Amino acid sequence: MIENQSKYASFRSVINAYLEKSFCITLVHKPILRIFNHLLTGIYEKYNLIIADSHNENNNLDKNLLNSEENFFQKYSNIETKYEDKDELTLSAIKSMEFIFKFAFKSRELLSICNRSSYVNNREENFDHEIENIFGKLVGICRLNYKILPNDNMIKAQIFILKNVVDLIPILISSNRYSMEFIANLYVGFFSNQNVFKTQFLSKILQTKLFDFSESRKILLEPICNIISVSLTFEKELEGSKMTQEIELVGKVTAELMNKLEMNKIDEIRDEVIQVSTLLPCLTGLFLYINDRISIKQLFGTNIIAIMRILNSDCIYKLIDSSDSDESISDFLTNHCSSYVDKLVFKYLIKQKEINKESKISQIKMLKLIYLCNTLMKEEIFPKNWFEFIILRNQVVFHVLNKIGEKLVDDYLENFDQINKIIWTDYFDCLVLIAIDPCLQKKKIEKSKFSQEKNVDLRIQIANEIKKMWYNLADKKQHFIPDLVSSFIKVSLLPLAEIQCVIIPIIFDMINCEYVNKGAKIGFDDFLVPKLIITTLDQQLEFEKKDITFRHSFQKIMNEKFANHSNLKKNRQFVKNVVDLFDLLIEYSETKIDSSDQLKCFYLNEILNFYRNLKRYDIYVKYIEKLRKIHIQRKNLVCAANTLKLHAELLYWTDQELERHLIHKSFPDEKIHKNLKELLFVQLIKDYTLGQAWEKAFEFSKILRGIYESEFKFDKLCGFLRQQAELCENIIKNNRFECKYFLVGFYGRKFPKLLQNKRFVFRSEPLEQIITFRQKVESWFPNSERISHSYPVTKNETESISRFIQVISVNPIYEPSNDFKTMNISPMLIKYYKYNEINKFKYSYRKDSILNEDDPTLWWLIEKYITISNPLPDVINFYEIIEEQTIHISPIQNAINIVNERLEMLKESVNKIDVKNQVSEADKLLIQGTIDPGVLGGLPKYKKFFIEYVNDEDTKNISTLKELINETIFWGEELLEMSLNYLPTDHLLNIIKNEQLPKLKKLFDISENKLARYENNATLFESTPKISSKPPNNCDQNSLNKSFLNKVQENYTGRTILSYFGMCDKPNSSNFAIASNNSQRDSISSIKSLNSDDDFNNRKIILDETLSSKRPLRRFQNLNSSSTSNSNQSSRPISNLSVEEIILYPSFQNFDQNNFNKLEHGSNNKAPPKPPKTKIAHMIPKDYEDQNIFNETSVNDQKKSTTSLQFIPLKSLSSKTNSDSILNKV
């Protein structure tokens, strides 16, 4: 049963039942104990003699090694032979000692019953003496040093004894023959054996009743602590998994010991506490030393907390006091640090804290204890779900620090040196770590069973302790500024007004201390404390949301403190800056979780502007990288490049060494301004190129090229010039999908503060439509309501507690630079600037919400011109509207704008066909929409202006509308004829030519002579390149009105001037006029173009191209042979056009029939040859002198007349005319 316990386990109960009910032999204990004692004596003497002789032989080995070797082994062989048969019997007896004792004690008990006196005669003393002898032999065997001469049987005997001797304790206790002290003394000797951990001897004995009684516990605790301390003392570095297992085993036994002690009240174990406190140094050393084994570190950390929990003040003082105060540090490490681990820990502290050799040993010990507390709080060794234990840890560490604080005030303020400063600083840091621990939340603390004082928050106690210790420093406070600023700010951010009222005055006291020491030497902006306050706020609020109570408490307390300070009250702006930063970072932290990237970019940009205004470039650079990272993730390379440019702007083209905060993460090895700036420029150019912003890439490449040329870096220059050539080729040849712009308004009190009741202009993704964009914006705020109209919102929306979002499409307004005004440049070069680097936009809506769609004479419009804070695209894709202007558009002017827009589309299509030699489906649709409209009436609906619109003041505008319609029909026919040249068999185009076009001409009473007039009277426009006819004879260059030119230069940009002279890339009118003295019109006189078409809107103009003649205008054929058709068919509505542009056109009157050329009629039906690439001539009738071309009706009084300037024609420009000569004529 003993040899095979698993197989015969059930027999134990049989034997126990036999002993309890059937066993009746009264004298069996005598032979059993005598034989067992004899076996133990034999094995003890055998191995004790071997070890003794081995020790003696080793001492005389140098004298007679050869002579004694043979006798030595012969002696041992004789001993082995003599006792060989008894070893197995003895081992079996040791394994069976539990039942041996049970039989012996049962027999003795029966004998006592028979004699009716259990404790009278001497025989009883013989029994107890026999028991003592047996335990003596067991202890003696366990104390044999098996390392001198290892023997398997001896080791087995020791292990079997340690495994089974604990099972005798219940037998000894239940016999009622011995006291607990006597039994405990029997077991003291076993603790000297190193196998007490492996055999679970210690674990078993801790679970017995010996530890339930203080008498026996006091006796056993000392040897237990000694064996634990010895086991944790290492003379060399810890290596191997075996050593790790041993350490872990010791840690588990220590944990069991502390669990057993904690079952008792603290008052009952006061004597044991002193003994257990001796374990703290060795446990601390291993805890601080082990970093790579988290499970062991966690185990030892819990043991340290358990010991600290029961420590009293005397024990804590004993840990830090040293009687050897005069000893040097090196002597202390040699004489008092027997453990290799302890030496390493002390050396690490001395090196890390830069402690000098003159420091006292007590200071080193104090530093180690505080460092232990800091490590317990810093190290994330305890899982977060150990909530109850973490609460306990915080309370225990605070209890220890409280006792340390008393010692610091008494002994560590006098003779204040560097190590004392380190000790105090670490002490404050540890208090802060406890206070800001995430588990210390009010609701959770109240539920914790470890909360000793339920009515007092531990954080409030810590705040009061910080206040008390801070003011105890007195004149020593200056030594801790600015080191403790960040720590105290972290505590003040806790959402408790009681804490903020305690800590925020301490922060102001720090500012005051710095002012007292440095105020006369430097300005407030250079103080370290204010800078660190902002830095700490940024770090704390960047990743987690804080309670808003700090904002109010800080603002209130700091304003009072600054106002009451005679010298610092002028620096109250600092308080406002902190509050603004807090608001920014709070809103940013709220958007980081589930908001869109665009909102994150918006808040990051606001934060960037804040730090740039404060000149805090150390934090500014950090947010540049954050913003750029988001742009890279969204593949928005243009914004990413613009963001990187902010970093490059902080650098210089010098060999100056970089400040630490300016070092870029992508180029950590670059330490020189010039080198890093060059690398950033190369990256900028790469990002702009990949983002198809080739113009911006070329702009920065010119800068870098100049650097290379000035420094003669031709190796880099040659490759760089090739890159520039590729950029130029991309600009000229490649097409880009342009982005659209949308106005987005966020109305309602429920929006974040920075968005609330504000409007922004967004730049969309390429080809993104308004429906998709609106859905994307609304997804940022799922519970928002949509405003579908374009009208201004009311107070109900702005003051509502709900969220309203309004999205309106807006058109960019292109403003050419001064360089572009003096050049004649291809539209491909200007197109980029019409959709990029724009900060002005426009949109319109109908004045009346209820509108008669069939009556254009009632179509009043309100046009809005808006300006944003930064041009788009920039570091982000939307900015707030900072300025708005309003213009009212009359119905007649609206009609002029719509027709003129269609006219420009026709000219662009003709130019495109000339260049590409092909007709697209869009061109065919444009022809059909102009000549044969299917919806909304088209051109015929404007016939109503000629019949019903009889206002005398608008007669000139009606004439202008007539001429525009005539010209639109002419260009529509021109586009139709050109399309038929390439598609002669197209059925739709032939029907339009033969049926619908004659109807349209007849409706507007257009004769062939009138159309021929446009052919003979034209001037060149760069945007629609064709050869022009000769200028009208009655045009006199000298008739230019100087006042008119001055007015043009004053109120109009280069685009309008060039349009006037026939050189603009896309003219908006045939001629010029200036609005009246209407103040509303004068306020926007600098706006050049109001076209709503996204493809032709707002482009920069550069005149660098010489105008040249291509070919004469093509003649019309068979105009009179067109068949007539039903006029009703021609009145079908035209396709809906956007109404957003003011174009200045004259009225066409007094046609001179002598100036028309005769029409040529072809005799064959073959399609004419493909025309060469030409430039379309924009027609200017020669009789346009003295035409009043613009009359805008004011909002309040439509009948108010407006003054207008005379249109002054110019002579046609020959093919040799260049831009310089044009400007000279101007």
# chains A, B, ... in the order shown; residues from 1 in each chain; ligands from 1
$ residues_around --residues "A:His479" --least-positions-apart "3" --cutoff "12 Å" --atoms "only C-alpha atoms" --output "number ranges by chain"
A: 413, 416-422, 424-425, 470, 473-476, 482-485, 510, 513-514, 517
$ residues_around --residues "A:Leu221" --least-positions-apart "5" --cutoff "9 Å" --atoms "only C-alpha atoms" --output "ChimeraX atom specification"
/A:211,216,226,272,275-276
$ select_by_dssp --residues "stretch 736-866 of chain A" --states "strand (DSSP E)" --output "VMD selection string"
chain A and resid 739 to 747 758 to 766 785 to 787 804 to 812 838 to 846 861 to 866
$ residues_around --residues "A:Met154" --least-positions-apart "4" --cutoff "9 Å" --atoms "only C-alpha atoms" --output "number ranges by chain"
A: 43-44, 47, 141-142, 144, 146, 150, 158-159
$ write_last_selection --atoms "N, CA and C atoms" --output "CSV table (one decimal), in the first residue's frame"
chain,number,residue,atom,x,y,z
A,43,ILE,N,20.9,4.0,9.7
A,43,ILE,CA,21.1,4.8,8.5
A,43,ILE,C,21.8,6.1,8.8
A,44,TYR,N,21.5,6.7,9.9
A,44,TYR,CA,22.1,7.9,10.3
A,44,TYR,C,23.6,7.7,10.6
A,47,TYR,N,25.7,7.0,7.2
A,47,TYR,CA,26.0,8.2,6.3
A,47,TYR,C,26.7,9.3,7.0
A,141,ILE,N,19.2,12.9,10.2
A,141,ILE,CA,19.3,12.5,8.8
A,141,ILE,C,19.1,13.6,7.8
A,142,CYS,N,18.1,14.5,8.1
A,142,CYS,CA,17.8,15.6,7.2
A,142,CYS,C,18.9,16.6,7.2
A,144,LEU,N,22.1,15.9,7.3
A,144,LEU,CA,23.3,15.4,6.6
A,144,LEU,C,23.5,16.1,5.3
A,146,TYR,N,24.4,16.1,1.9
A,146,TYR,CA,24.6,15.1,0.8
A,146,TYR,C,25.4,15.7,-0.4
A,150,PRO,N,27.5,12.6,-2.5
A,150,PRO,CA,26.1,12.3,-2.9
A,150,PRO,C,25.9,10.8,-2.8
A,158,GLN,N,16.1,11.5,3.0
A,158,GLN,CA,15.8,12.9,3.4
A,158,GLN,C,14.5,13.3,2.8
A,159,ILE,N,14.3,13.0,1.5
A,159,ILE,CA,13.1,13.4,0.8
A,159,ILE,C,11.9,12.7,1.4
$ residues_around --residues "A:Lys665" --least-positions-apart "2" --cutoff "12 Å" --atoms "only C-alpha atoms" --output "list of chain:residue names"
A:Val621, A:Lys622, A:Ile624, A:Glu625, A:Lys626, A:Lys629, A:Leu644, A:His647, A:Arg660, A:His661, A:Leu662, A:Ile663, A:Phe667, A:Pro668, A:Asp669, A:Glu670, A:Lys671, A:Leu676, A:Leu680
